[in-house]
Amino acid sequence: MKDWNALSDADFRTEIRAFVEKDFPPHLRNHPRRIPRWETTREWFLTLSANGMLAPNWPAAYGGMGLSASKMIIYFEELERWGVPRIYDMGLYMLGPILIRHGTDAQKSEYLPRILSGEHRWAQGYSEPDAGSDLASLRTTAVPDGDHYVINGQKTWTTFLDDATHMFLLARTRKDGRKQEGLTIFILNLDSPGVQRRLITTLSGHAELGEVFLDNVRVPAANIVGPLHGGWTAAKDLLEFERINNGSPKLPLYALNQLNAYARARGLFDDPAFRDRFTRLRLDLQDQYCAYRHFCNRLKSGRTPGPEVSMLKLWSTETYQRLSELFLEVAGEEGVEADLLDVAGSLSALRLYYRSRPSTIYSGSSEVQRNLLAKRVLKLPGARP
Amino acid sequence: MKDWNALSDADFRTEIRAFVEKDFPPHLRNHPRRIPRWETTREWFLTLSANGMLAPNWPAAYGGMGLSASKMIIYFEELERWGVPRIYDMGLYMLGPILIRHGTDAQKSEYLPRILSGEHRWAQGYSEPDAGSDLASLRTTAVPDGDHYVINGQKTWTTFLDDATHMFLLARTRKDGRKQEGLTIFILNLDSPGVQRRLITTLSGHAELGEVFLDNVRVPAANIVGPLHGGWTAAKDLLEFERINNGSPKLPLYALNQLNAYARARGLFDDPAFRDRFTRLRLDLQDQYCAYRHFCNRLKSGRTPGPEVSMLKLWSTETYQRLSELFLEVAGEEGVEADLLDVAGSLSALRLYYRSRPSTIYSGSSEVQRNLLAKRVLKLPGARP
Amino acid sequence: MFSLTEASALAREPEVAAALDAVDRYLAGTSGPARFRAARNSPDAVPDREAYAGLAEVGVTSAIVPEEMGGSGLAPGAAALIAERLGRALAREPFIENVVLPVGLGLALSSRSLMDAITKGEILCVAWQEGPFARPGVTPVATRLERDGRGLRLSGRKRFVMGARASSGMLVLAEIEGSHAIASVPPATAGVARQDKSLADGTCWSDIDFDVWLKERDVIARGDEVVPALSSAIDLANIAIAGMLYGLQSRILELTLEYLGTRVQFDQPIGSFQALQHRAVDLYTHAQIARFLIGEAVDSAVRGAPAHVLEAYASRTKARASDSGQRIAKEGIQMHGGIGYSDEYDLGLYVKRILVLSAWLGNADWHRRHLAAIDPLGDGGMT
Amino acid sequence: MFSLTEASALAREPEVAAALDAVDRYLAGTSGPARFRAARNSPDAVPDREAYAGLAEVGVTSAIVPEEMGGSGLAPGAAALIAERLGRALAREPFIENVVLPVGLGLALSSRSLMDAITKGEILCVAWQEGPFARPGVTPVATRLERDGRGLRLSGRKRFVMGARASSGMLVLAEIEGSHAIASVPPATAGVARQDKSLADGTCWSDIDFDVWLKERDVIARGDEVVPALSSAIDLANIAIAGMLYGLQSRILELTLEYLGTRVQFDQPIGSFQALQHRAVDLYTHAQIARFLIGEAVDSAVRGAPAHVLEAYASRTKARASDSGQRIAKEGIQMHGGIGYSDEYDLGLYVKRILVLSAWLGNADWHRRHLAAIDPLGDGGMT
C-alpha cells in the first residue's frame with residue numbers, strides 16, 4: 001500500500017492530476033446525469049480500484065488511501081476540476097465507514113472487499129413515504145423468525161437503486177418505547193425474494209431515484225449491523241458521516257467550475273456587476289474549505305463530526321444552489337435550452353439547476369438540519385425534533 | 001373647505017410642491033431626529049393646520065383633506081422629496097380615524113379639533129414590558145369606581161411621549177375569559193395625578209421613546225372609546241390603520257432620496273455593480289406603490305384594510321432597512337462618522353441605519369406580522385398567534 | 001386571494017369579464033397538466049396547431065384585435081389577464097408567441113392585412129432576435145433584405161423564435177438600405193432552414209436560417225416605424241408573459257399551501273411549523289407585489305398608451321414576475337421535499353415553464369438593466 | 001462553541017495561550033461595556049492613554065515584537081487572537097491602531113528603532129490614507145516630502161487616522177522624489193492640525209493637515225520597500241480587525257441566544273419559536289464560517305509568510321467578518337425587539353463597534369473587489 005500522506009500536498013496534487021488526466025475516460029467528463037449508470041462508470045471505478053485510489057477516506061488496512069484532511073480535499077478538487085462524474089460511492093462513503101466502526105469481523109471481510117471490487121453496489125434504505133424528514137416515524141418492520149428476520153415495508157427516494165445489489169436499511173424491531181428506540185440496521189441483498197423496485201424519474205428527466213417494496217423479505221440475523229434495537233445511534237453516526245460528505249466543497253466547487261468556464265467563454269468577467277456576484281459566491285465556497293478542513297481534522301483525530309457538522313451541509317448545498325441560480329440568470333436564453341452541454345463544453349445552467357435542487361432535501365432536509373442545530377448545538381428551548 | 005380631489009393629480013402635485021417650497025422652514029430639512037420635539041416642528045404643524053393641509057386622511061367634514069389614494073401618495077411624496085420631518089402625527093393617523101369610526105359625538109367634538117390645533121398631542125399606550133409582541137398578555141388594569149375607572153400598570157416603547165399631552169391606552173377591564181376579551185381603550189390625560197413618565201434613549205442617541213407608570217390613575221368612564229371590554233377589536237382596527245400607514249412608501253422613499261443624493265454626489269451611478277443593486281431596491285419601492293394604492297382604494301371604498309395589509313408593512317420596512325444597509329456599505333469610512341449631515345446635505349448613512357431599525361419592531365414586529373398572515377390570510381394550521 | 005382580477009379594473013369590465021369566463025370554460029374542458037405532459041418534447045407541430053385552434057374557437061386569437069379590424073376590441077392589457085388563466089391551467093396553447101406578438105405588431109403598425117390573416121386563422125410568429133439579450137433598436141440587425149435583378153433576397157439567421165414550428169407565416173425583421181423592414185415569409189419557402197431546440201419545459205423554439213427570394217408585397221412594413229412597432233409588440237408580449245408567470249406561480253403557491261396543510265411529519269401538518277409559515281408568508285408577499293404591479297400594468301395597457309409607459313411596465317412586470325416566480329418555484333420544490341423533485345408530480349411542470357418564460361424576451365436581470373438605462377433614477381414612476 | 005481557540009493551532013501553543021490568559025485576566029479586572037459607555041464621545045485623550053497603558057502593562061504592546069527586538073516574539077497572527085478577546089469584552093483599548101499597525105510596519109521594515117520606541121512606551125499611530133477606500137500602491141499619495149534650503153517639508157492631509165489623539169508619534173506616508181517615505185512626526189509639532197471626528201461607536205479618528213519642517217533623521221524609511229511594508233502592516237491590521245469583529249459578534253450571538261432562552265411571549269420562551277430558531281441557526285452558521293476562516297488566517301500569519309498570502313487572507317477575513325458581524329448585529333437587534341433598540345442595553349455598543357470596525361481600512365465590498373482584482377478566479381486559494 002502506498003503511503004499517500006508521505007507526499008507533500010503539492011506532490012500529491014500533481015500525482016492525482018496526472019493520474020486523472022491520463023486514466024479518466026474523456027467521454028465521461030461533465031456527464032449530463034447527476035449519477036451515471038453503473039455500466040457507464042464501471043471502467044473508471046475499476047481503474048480507481050486497481051490503483052488503490054477508490055476509497056480516499058478508508059484506512060489503508062482496509063484498502064483505502066487513508067488520506068489526511070488536506071489531501072482528501074485535494075483529491076476531491078482534482079476530480080471536480082476535471083469534471084469527473086459521481087461513481088457508485090454509497091458503499092465507499094456510507095456503509096464502509098459504518099462497517100469499519102460498527103461491523104463484525106465477518107461483515108468486514110464479507111463486504112468491504114466487494115465494495116472495492118464493484119461486485120456489491122450499495123443503496124441506502126432510510127426514507128419512507130411517511131417518514132422523510134421525520135426518520136423516527138418509519139414503519140418498515142423486521143420480525144424475528146428463527147435465525148432470520150422477516151421484513152415488510154416500503155422505502156423511497158433511494159439513490160443508486162437502479163444498479164444497486166445491496167441495501168442497508170433501517171427497520172423497526174420493537175414497537176414499544178420511544179419512537180427512536182427499537183430501530184435496527186440490516187444489510188439486505190436486493191436479489192432476495194419479496195423485494196420489488198420501482199424507479200422514480202426526477203426533474204432532470206432521469207430515473208435516478210427509486211422505491212423498494214419489501215414483502216416478507218427474509219434476512220439472516222447475521223446481517224444486523226451494530227446492536228439490535230440500537231440502529232438509531234448508528235444511523236445518526238451514519239448521517240453525520242453523510243453530512244461531512246455532503247458538506248465537502250465538492251458540489252459547489254463543481255458548480256463554480258461550470259459557471260467559471262461559461263463566464264470565461266462569454267466574457268462575463270468584463271461586467272463588474274457579474275464579477276461582484278461571482279466573487280461573493282466564490283468566497284462562500286472558498287471560506288467553506290476552512291470549516292470543512294476543521295471537521296475532517298476532527299474526524300481524523302478520532303472524534304465524530306458532531307451535530308455541528310449540519311452547518312456544513314447547509315452551507316455547502318445552499319451555496320451550490322445559489323451558484324446554479326446565478327448561472328441560470330446570466331445564461332439567459334441559452335440557459336433554458338435542454339441540450340446537455342453548452343458551447344463551452346461545460347454542463348448547461350439548466351442541468352446544474354436541476355442537479356442542485358435535491359441537495360437541500362436528501363440526507364436530512366435543510367429544515368431538519370436547522371432543527372438539529374437549534375436543539376443539539378444552540379440548545380434552544382423546546383426545539384424540534 | 002377646498003375640494004382637493006377636484007384637482008388633477010398633476011395640478012395637485014404642483015400645488016403641494018409649491019406650498020412646501022414656500023412655507024416649509026428650510027432649517028427643518030432632513031432633520032437628524034427621527035421625530036423632532038414638538039417645539040421644533042410646532043410652527044410647521046400650525047402652518048399645515050392653518051392651510052387645511054394637516055390631515056390628508058380625514059374626511060373634509062372633520063377638517064381633513066379627504067384625499068383619494070393617489071393624491072395621498074402624492075402628498076407623502078412631496079413631503080418626503082423635500083426632506084420634511086415627522087410631525088406629531090399620532091392623533092392624525094391613529095386616534096383620529098378610530099374616533100371618527102368608533103368615538104361618541106362628544107368625543108369627536110372634544111378631541112378632533114384639538115388634534116388639528118396642536119393643543120392635544122397624542123401618544124399610544126399599547127406595549128408593556130411583558131407584552132410587546134404578545135399584546136393580548138397586557139397587565140395594565142382598569143377597575144370601575146363610580147363614574148371613573150382606576151388604572152394601574154406600566155406602558156413602554158411609547159413614541160411621542162416626550163411632548164404628548166394625551167394617551168389612548170389599552171387596559172384590562174375583565175380578567176376572566178380569553179386573554180383577548182376584556183380589554184378596553186381609554187383616553188388618558190397625561191397630566192392626571194399618578195402618571196409618571198421616563199424617557200428612553202435609543203441607538204440614535206435621542207430620547208425618542210418612553211415609559212409611563214400608572215399608579216391609581218382615575219379616568220372618567222366617558223373616556224372609553226368603543227365598547228367596554230371590546231377594545232381588542234377596535235385596537236386591531238387601529239393596528240390595521242397603523243399598518244397601512246407604516247406600509248406607505250414614505251419610509252423607503254425617504255431612504256431612497258437620501259441614498260440617491262449621496263450616490264449622485266459621489267458618482268456612484270458610474271459603477272454598474274452599484275447601479276444593479278440600486279435598481280433592484282428602487283424597484284422594490286416602486287412596485288410597493290401599486291400594492292399601497294390597492295389598500296388605500298380599499299379603504300376609500302369603505303372596507304377595512306384587512307389582515308393582508310401586514311404584507312405592506314413587512315415589505316415597506318424591510319425595503320427601508322435594505323436601502324439603509326446599501327447606503328452604509330457604499331459610504332465606507334464616511335458612513336460611520338457620527339456627523340449628522342453628509343457633504344451632499346442629505347442625512348448620513350449612519351442616521352438612516354439607526355432610524356430604520358425600529359420600523360420592523362414597532363406596531364407589531366415583523367415576526368408578528370408573519371404570524372398574522374400565516375394564520376389569518378394563508379389559514380395555515382395551528383398558526384400563532 | 002391570488003387572482004389578478006381584484007387587482008385590475010379592466011378585468012371587471014363586462015366584455016373582458018365575459019372573455020375571461022369563456023377562457024375559463026374552455027380550460028375547464030381540457031386538462032392542462034396532463035396535456036402539457038403528454039406533448040412534452042414532441043417533435044410534431046400537430047399538438048401546437050390543435051391548441052391554437054382551441055384558442056381561435058373561443059375567440060382568444062382575436063380578443064385584442066380592434067373591432068374595426070374584425071376582432072373583439074378588448075384593451076391590449078386583457079392579453080395578460082388571458083395569459084394568467086392559461087398559466088394557472090398550465091395550458092400549452094401558444095398564446096404569447098402566436099397571438100400576442102403578431103397581434104401586437106399588427107396593432108402597432110395598424111396593419112389591416114396582418115389582422116385579416118390572423119382573424120382568418122393563419123398562425124403567425126415573429127422572428128426578430130439574433131442573439132441572446134436582444135432588443136430591436138438596441139442590438140444591431142444582421143438579417144438583410146437586398147434588392148437585385150432577381151427580386152428581394154432575405155438572408156440571415158434568427159434565434160429563439162418561439163412558435164415557429166406550428167406557424168403558417170413568419171414575420172421577419174430585416175435591415176434594408178440603412179432602415180428596417182418586416183417581411184412575411186411562409187415557412188415552407190425554399191431557403192428556410194429551421195432547427196428546433198427543445199426547452200426546459202418540453203416546448204421548443206427555433207433557430208432559423210433564411211436565404212430566400214421574396215416579392216415586394218411580402219414586405220409588410222418598412223421605415224422608421226418598424227423598430228418602435230416591434231418594440232411595442234415585445235413590450236406587450238412581456239406584460240402578457242408576466243401575467244402567465246403570475247398564473248403559474250400562484251398555482252404553485254396554492255399547491256404548496258395545500259401540501260403544507262396536509263403533509264404530516266413529526267405528528268403535525270408541516271404547515272404548523274413556524275419556519276415554514278414565515279417562508280410561505282414571504283412567498284405570498286412577493287406574489288402580492290407582483291400581482292398589484294401587473295394589475296396596474298394591465299390597466300395601463302390601453303390602445304394609444306404612450307410607448308415609454310408600456311416599455312417601463314413591460315420591464316418592471318417581467319423582472320418582478322420572473323423573480324417572484326423563480327423564488328416560489330424554488331421554495332415550492334423545497335417545501336414539497338422529495339415529491340417536489342419527482343417528475344410524476346405536476347409541480348415540476350409549472351417550475352420548468354416558469355424557467356422558460358422568465359428567460360424568453362429578456363430575463364429579470366436584463367430588464368432591470370434596461371430600466372436603469374431608460375429611467376436611471378426611477379423618477380418616471382415615482383414623482 | 002464560539003471561541004477562535006479551537007479553530008487555531010497557534011492559539012494552543014503554550015506561549016500564545018499564556019499571553020491570552022494574561023489578556024483575559026486583565027480584562028476580567030476591567031468592565032468593558034461600562035468603561036466603553038463612559039468614555040463615549042469624550043474629547044479627551046486621557047482614557048485612550050490609560051487604556052493603552054493597560055495593554056502595555058500586560059505585555060500586549062510588545063506581544064508580536066520579535067524577541068531579538070525586545071518583545072515576546074509571538075507569531076503576528078496572535079494579534080487577531082488578542083483582538084478577539086478585546087472584542088468580546090468590548091474593551092476600548094486602542095490595540096489595532098496603536099499596536100498592530102505600527103508594530104506591523106516595524107516588522108515589515110525590520111525597524112529596530114520603531115520597535116524600540118514601542119517597547120519603551122511611545123504611543124504610535126500610522127497616517128497613510130487620504131480618502132475613502134484607499135490602499136497604498138493603488139491610490140496615489142498626495143502628501144509630499146520636499147527638500148529645499150531649509151530642510152524637509154512635509155505637506156498634505158491625511159484622513160481617517162485612528163488612534164492619533166492619544167499618540168506621541170505619527171508615522172506618515174509621503175511621496176518623495178517619485179518614490180515613497182515614512183516620516184515620523186510628533187503630534188505637537190508646529191504645522192500639525194488635527195481635527196477629530198466622532199464615530200458611531202463613540203471613538204474617534206482624525207483628519208490631519210501637515211505643513212511641517214522635518215529633519216533627515218525623521219525619515220525612518222524610504223524607497224521601494226515603503227509601500228509593500230505599509231500594505232503588509234495594513235493586511236495584518238485587517239486580520240486583527242477580523243478577530244476583533246469576530247469577538248464582538250460572538251458576544252452578540254451569545255446575548256441573543258440567552259435572550260431567546262429567557263424572554264417569554266405568548267406564554268413561551270421566544271427561543272422555542274421555530275422561525276427564530278432557524279434564523280439563530282443561520283447566524284451561528286455564518287459565525288462558524290468566519291471562525292474557521294479567521295483561525296486559518298491566524299495560523300498562516302507567521303513571520304516571513306509570503307505577502308500575497310497574507311493579502312488574500314486579510315481581504316477574505318475582513319470581508320467575511322464584516323458581513324457576518326453586520327448580519328448578526330442586525331438580527332440581534334431585531335430578535336431583542338425594543339430593548340435591542342434602546343441605548344440602555346449593551347447590545348447597541350457592540351453593534352456600533354462592528355459598524356466602525358467594518359468600515360475602517362476597507363469594508364467588505366471593497367475587500368471583495370480587491371480580491372477579484374488580485375486573484376480573479378479564486379484559483380489561488382482553491383486549486
# chains A, B, ... in the order shown; residues from 1 in each chain; ligands from 1
>>> interface_residues(of="chain D", to="chain C", cutoff="9 Å", atoms="only C-alpha atoms", output="PyMOL selection string")
chain D and resi 273-279
>>> interface_residues(of="chain B", to="chain D", cutoff="10 Å", atoms="only C-alpha atoms", output="short mmCIF file (atom, residue, chain, number, x, y, z; two decimals) with N, CA, C and O atoms, in the first residue's frame")
data_model
loop_
_atom_site.label_atom_id
_atom_site.label_comp_id
_atom_site.auth_asym_id
_atom_site.auth_seq_id
_atom_site.Cartn_x
_atom_site.Cartn_y
_atom_site.Cartn_z
N SER B 127 -47.87 48.71 24.17
CA SER B 127 -46.85 47.78 24.65
C SER B 127 -46.61 47.92 26.15
O SER B 127 -46.70 49.01 26.72
N PRO B 129 -43.93 45.98 29.39
CA PRO B 129 -42.67 45.24 29.50
C PRO B 129 -42.82 43.76 29.17
O PRO B 129 -41.95 43.17 28.53
N ASP B 130 -43.93 43.13 29.58
CA ASP B 130 -44.10 41.72 29.27
C ASP B 130 -45.12 41.48 28.17
O ASP B 130 -45.62 40.37 28.02
N ALA B 131 -45.50 42.52 27.49
CA ALA B 131 -46.45 42.36 26.39
C ALA B 131 -46.01 43.29 25.26
O ALA B 131 -46.53 44.38 25.09
N GLY B 132 -44.99 42.84 24.56
CA GLY B 132 -44.51 43.62 23.43
C GLY B 132 -45.21 43.10 22.19
O GLY B 132 -46.22 43.64 21.76
N SER B 133 -44.70 41.99 21.68
CA SER B 133 -45.35 41.38 20.53
C SER B 133 -46.65 40.70 20.92
O SER B 133 -47.55 40.55 20.13
N ASP B 134 -46.72 40.26 22.16
CA ASP B 134 -47.86 39.49 22.64
C ASP B 134 -48.82 40.42 23.36
O ASP B 134 -48.95 40.42 24.58
N LEU B 135 -49.52 41.23 22.56
CA LEU B 135 -50.33 42.32 23.09
C LEU B 135 -51.44 41.81 24.00
O LEU B 135 -51.83 42.48 24.96
N ALA B 136 -51.97 40.62 23.68
CA ALA B 136 -53.10 40.11 24.45
C ALA B 136 -52.72 39.85 25.90
O ALA B 136 -53.60 39.72 26.76
N SER B 137 -51.42 39.76 26.17
CA SER B 137 -50.99 39.46 27.55
C SER B 137 -50.84 40.70 28.41
O SER B 137 -50.25 40.63 29.48
N THR B 156 -44.77 50.89 27.79
CA THR B 156 -43.38 51.17 27.40
C THR B 156 -43.24 51.25 25.88
O THR B 156 -44.19 50.98 25.16
N TRP B 157 -42.07 51.64 25.42
CA TRP B 157 -41.75 51.86 23.99
C TRP B 157 -42.74 52.83 23.37
O TRP B 157 -43.17 52.67 22.24
N ILE B 200 -36.71 57.09 27.16
CA ILE B 200 -35.73 56.05 26.84
C ILE B 200 -34.88 56.52 25.66
O ILE B 200 -35.41 56.88 24.61
N THR B 201 -33.57 56.53 25.87
CA THR B 201 -32.67 56.89 24.77
C THR B 201 -32.46 55.68 23.88
O THR B 201 -32.35 54.55 24.35
N THR B 202 -32.42 55.92 22.57
CA THR B 202 -32.29 54.81 21.62
C THR B 202 -30.89 54.80 21.00
O THR B 202 -30.06 55.64 21.31
N LEU B 203 -30.68 53.84 20.11
CA LEU B 203 -29.39 53.72 19.40
C LEU B 203 -28.97 55.04 18.76
O LEU B 203 -27.79 55.33 18.65
N SER B 204 -29.95 55.82 18.33
CA SER B 204 -29.62 57.07 17.64
C SER B 204 -29.12 58.13 18.61
O SER B 204 -28.69 59.20 18.19
N GLY B 205 -29.20 57.85 19.90
CA GLY B 205 -28.74 58.82 20.90
C GLY B 205 -29.82 59.81 21.33
O GLY B 205 -29.56 60.70 22.12
N HIS B 206 -31.00 59.65 20.77
CA HIS B 206 -32.09 60.55 21.15
C HIS B 206 -33.04 59.85 22.11
O HIS B 206 -33.28 58.66 21.99
N ALA B 207 -33.62 60.64 23.01
CA ALA B 207 -34.60 60.10 23.97
C ALA B 207 -35.96 60.11 23.29
O ALA B 207 -36.84 60.87 23.64
N GLU B 208 -36.12 59.25 22.30
CA GLU B 208 -37.32 59.35 21.45
C GLU B 208 -38.44 58.40 21.85
O GLU B 208 -39.51 58.44 21.27
N LEU B 209 -38.20 57.55 22.83
CA LEU B 209 -39.25 56.66 23.32
C LEU B 209 -39.44 56.92 24.80
O LEU B 209 -38.69 57.68 25.40
N GLN B 321 -34.95 49.13 5.40
CA GLN B 321 -33.70 48.70 6.03
C GLN B 321 -32.65 48.30 5.00
O GLN B 321 -31.47 48.62 5.16
N GLU B 325 -28.89 49.79 4.55
CA GLU B 325 -27.69 48.95 4.59
C GLU B 325 -26.82 49.15 3.35
O GLU B 325 -25.60 49.18 3.44
N LEU B 328 -25.01 52.43 3.87
CA LEU B 328 -23.88 52.29 4.78
C LEU B 328 -22.69 51.62 4.08
O LEU B 328 -21.54 52.01 4.27
N GLU B 329 -22.98 50.62 3.26
CA GLU B 329 -21.91 49.90 2.58
C GLU B 329 -21.18 50.80 1.58
O GLU B 329 -19.95 50.83 1.55
N VAL B 330 -21.93 51.55 0.78
CA VAL B 330 -21.26 52.36 -0.25
C VAL B 330 -20.61 53.61 0.35
O VAL B 330 -19.73 54.19 -0.27
N ALA B 331 -21.04 54.01 1.54
CA ALA B 331 -20.46 55.21 2.12
C ALA B 331 -19.10 54.94 2.77
O ALA B 331 -18.34 55.87 3.05
N GLY B 332 -18.78 53.66 2.99
CA GLY B 332 -17.46 53.31 3.52
C GLY B 332 -17.14 54.08 4.78
O GLY B 332 -17.97 54.20 5.69
N GLU B 333 -15.93 54.64 4.85
CA GLU B 333 -15.50 55.36 6.05
C GLU B 333 -16.44 56.53 6.35
O GLU B 333 -16.69 56.85 7.51
N GLU B 334 -16.94 57.18 5.31
CA GLU B 334 -17.82 58.33 5.53
C GLU B 334 -19.11 57.92 6.23
O GLU B 334 -19.79 58.74 6.84
N GLY B 335 -19.47 56.64 6.09
CA GLY B 335 -20.75 56.18 6.63
C GLY B 335 -20.77 56.07 8.14
O GLY B 335 -21.84 56.07 8.74
N VAL B 336 -19.61 55.95 8.77
CA VAL B 336 -19.63 55.72 10.22
C VAL B 336 -19.23 56.94 11.03
O VAL B 336 -19.15 56.89 12.25
N GLU B 337 -18.97 58.06 10.34
CA GLU B 337 -18.73 59.29 11.09
C GLU B 337 -20.07 59.78 11.62
O GLU B 337 -21.08 59.74 10.93
N ALA B 338 -20.04 60.22 12.86
CA ALA B 338 -21.30 60.46 13.56
C ALA B 338 -21.91 61.82 13.25
O ALA B 338 -22.93 62.18 13.81
N ASP B 339 -21.28 62.58 12.34
CA ASP B 339 -21.87 63.87 11.99
C ASP B 339 -23.24 63.65 11.37
O ASP B 339 -23.50 62.65 10.73
N LEU B 350 -25.33 56.59 8.53
CA LEU B 350 -25.42 56.09 9.89
C LEU B 350 -26.77 56.41 10.52
O LEU B 350 -27.42 55.56 11.12
N ARG B 351 -27.23 57.67 10.37
CA ARG B 351 -28.52 58.07 10.92
C ARG B 351 -29.64 57.25 10.32
O ARG B 351 -30.59 56.87 10.98
N TYR B 353 -29.39 54.30 9.08
CA TYR B 353 -29.30 52.93 9.61
C TYR B 353 -30.02 52.85 10.96
O TYR B 353 -30.84 51.97 11.18
N TYR B 354 -29.71 53.76 11.85
CA TYR B 354 -30.39 53.76 13.16
C TYR B 354 -31.90 53.92 12.98
O TYR B 354 -32.69 53.21 13.57
N ARG B 355 -32.26 54.90 12.19
CA ARG B 355 -33.64 55.29 12.08
C ARG B 355 -34.51 54.15 11.52
O ARG B 355 -35.67 54.03 11.85
N ARG B 357 -33.97 50.94 11.96
CA ARG B 357 -34.01 49.71 12.78
C ARG B 357 -35.37 49.45 13.43
O ARG B 357 -35.88 48.34 13.34
N PRO B 358 -35.97 50.42 14.13
CA PRO B 358 -37.17 50.05 14.89
C PRO B 358 -38.38 49.79 14.01
O PRO B 358 -39.38 49.26 14.49
N SER B 359 -38.29 50.13 12.73
CA SER B 359 -39.50 50.00 11.91
C SER B 359 -40.00 48.56 11.81
O SER B 359 -41.18 48.32 11.60
N THR B 360 -39.10 47.59 11.97
CA THR B 360 -39.53 46.19 11.92
C THR B 360 -39.86 45.66 13.31
O THR B 360 -40.10 44.48 13.48
N ILE B 361 -39.82 46.54 14.28
CA ILE B 361 -40.13 46.14 15.66
C ILE B 361 -41.44 46.77 16.12
O ILE B 361 -42.29 46.11 16.70
N TYR B 362 -41.61 48.07 15.81
CA TYR B 362 -42.79 48.75 16.37
C TYR B 362 -44.08 48.41 15.62
O TYR B 362 -44.03 47.88 14.53
N SER B 365 -44.12 43.57 15.44
CA SER B 365 -42.84 43.23 14.82
C SER B 365 -43.07 42.44 13.54
O SER B 365 -44.16 41.92 13.30
N SER B 366 -42.03 42.34 12.73
CA SER B 366 -42.13 41.55 11.50
C SER B 366 -42.54 40.11 11.81
O SER B 366 -43.27 39.49 11.03
N GLU B 367 -42.09 39.61 12.94
CA GLU B 367 -42.45 38.24 13.31
C GLU B 367 -43.95 38.13 13.55
O GLU B 367 -44.59 37.16 13.11
N ARG B 370 -45.84 38.26 10.30
CA ARG B 370 -45.79 36.99 9.57
C ARG B 370 -46.70 35.95 10.22
O ARG B 370 -47.36 35.17 9.52
N ASN B 371 -46.74 35.93 11.54
CA ASN B 371 -47.68 35.03 12.21
C ASN B 371 -49.11 35.32 11.79
O ASN B 371 -49.88 34.41 11.50
N ARG B 384 -49.65 30.53 15.07
CA ARG B 384 -49.70 31.55 16.12
C ARG B 384 -49.77 32.92 15.49
O ARG B 384 -49.21 33.11 14.42
N PRO B 385 -50.18 33.97 16.23
CA PRO B 385 -50.91 33.84 17.50
C PRO B 385 -52.39 33.70 17.18
O PRO B 385 -52.82 34.16 16.16
#
>>> interface_residues(of="chain B", to="chain A", cutoff="10 Å", atoms="only C-alpha atoms", output="VMD selection string")
chain B and resid 271 to 277
>>> write_last_selection(atoms="N, CA, C and O atoms", output="short mmCIF file (atom, residue, chain, number, x, y, z; two decimals), in the first residue's frame")
data_model
loop_
_atom_site.label_atom_id
_atom_site.label_comp_id
_atom_site.auth_asym_id
_atom_site.auth_seq_id
_atom_site.Cartn_x
_atom_site.Cartn_y
_atom_site.Cartn_z
N ASP B 271 -20.85 53.18 -11.51
CA ASP B 271 -20.42 51.82 -11.19
C ASP B 271 -21.58 50.86 -11.46
O ASP B 271 -22.60 50.89 -10.78
N PRO B 272 -21.42 49.98 -12.47
CA PRO B 272 -22.54 49.09 -12.83
C PRO B 272 -23.00 48.21 -11.67
O PRO B 272 -24.18 47.89 -11.58
N ALA B 273 -22.08 47.83 -10.81
CA ALA B 273 -22.49 46.96 -9.70
C ALA B 273 -23.39 47.74 -8.73
O ALA B 273 -24.40 47.21 -8.26
N PHE B 274 -23.04 48.98 -8.47
CA PHE B 274 -23.92 49.79 -7.63
C PHE B 274 -25.27 50.01 -8.32
O PHE B 274 -26.32 49.91 -7.70
N ARG B 275 -25.20 50.31 -9.61
CA ARG B 275 -26.43 50.58 -10.35
C ARG B 275 -27.39 49.39 -10.24
O ARG B 275 -28.59 49.56 -10.05
N ASP B 276 -26.85 48.19 -10.37
CA ASP B 276 -27.69 47.00 -10.26
C ASP B 276 -28.35 46.90 -8.88
O ASP B 276 -29.54 46.61 -8.78
N ARG B 277 -27.57 47.13 -7.85
CA ARG B 277 -28.13 46.99 -6.50
C ARG B 277 -29.16 48.09 -6.24
O ARG B 277 -30.19 47.86 -5.63
#
>>> select_by_dssp(residues="stretch 193-306 of chain D", states="strand (DSSP E)", output="PyMOL selection string")
chain D and resi 193-198+204-214+219-222+264-265+268-269
>>> residues_around(residues="stretch 21-31 of chain A", least_positions_apart="2", cutoff="8 Å", atoms="only C-alpha atoms", output="ChimeraX atom specification")
/A:17-19,33-34,36,41,44,47,82-85,346-347
>>> atom_distance(atom1="atom CA of A:Leu380", atom2="atom CA of A:Glu308")
14.2 Å
>>> residues_around(residues="stretch 58-60 of chain C", least_positions_apart="3", cutoff="12 Å", atoms="only C-alpha atoms", output="VMD selection string")
chain C and resid 16 18 to 27 29 51 to 55 63 to 65 70 to 74 76 78 to 83 85 to 86 93 to 96 98 to 100 103 118 to 121
>>> atom_distance(atom1="atom CA of A:Gly210", atom2="atom CA of A:Leu116")
23.7 Å
>>> residues_around(residues="B:Arg266", least_positions_apart="3", cutoff="10 Å", atoms="only C-alpha atoms", output="ChimeraX atom specification")
/B:260-263,269-270,330-331,343-344
>>> atom_distance(atom1="atom CA of B:Leu378", atom2="atom CA of B:Pro305")
16.2 Å
>>> closest_residue(among="A:Met65, A:Ile244, A:Ile187, A:Val212", to="A:Leu299", atoms="only C-alpha atoms")
A:Ile244
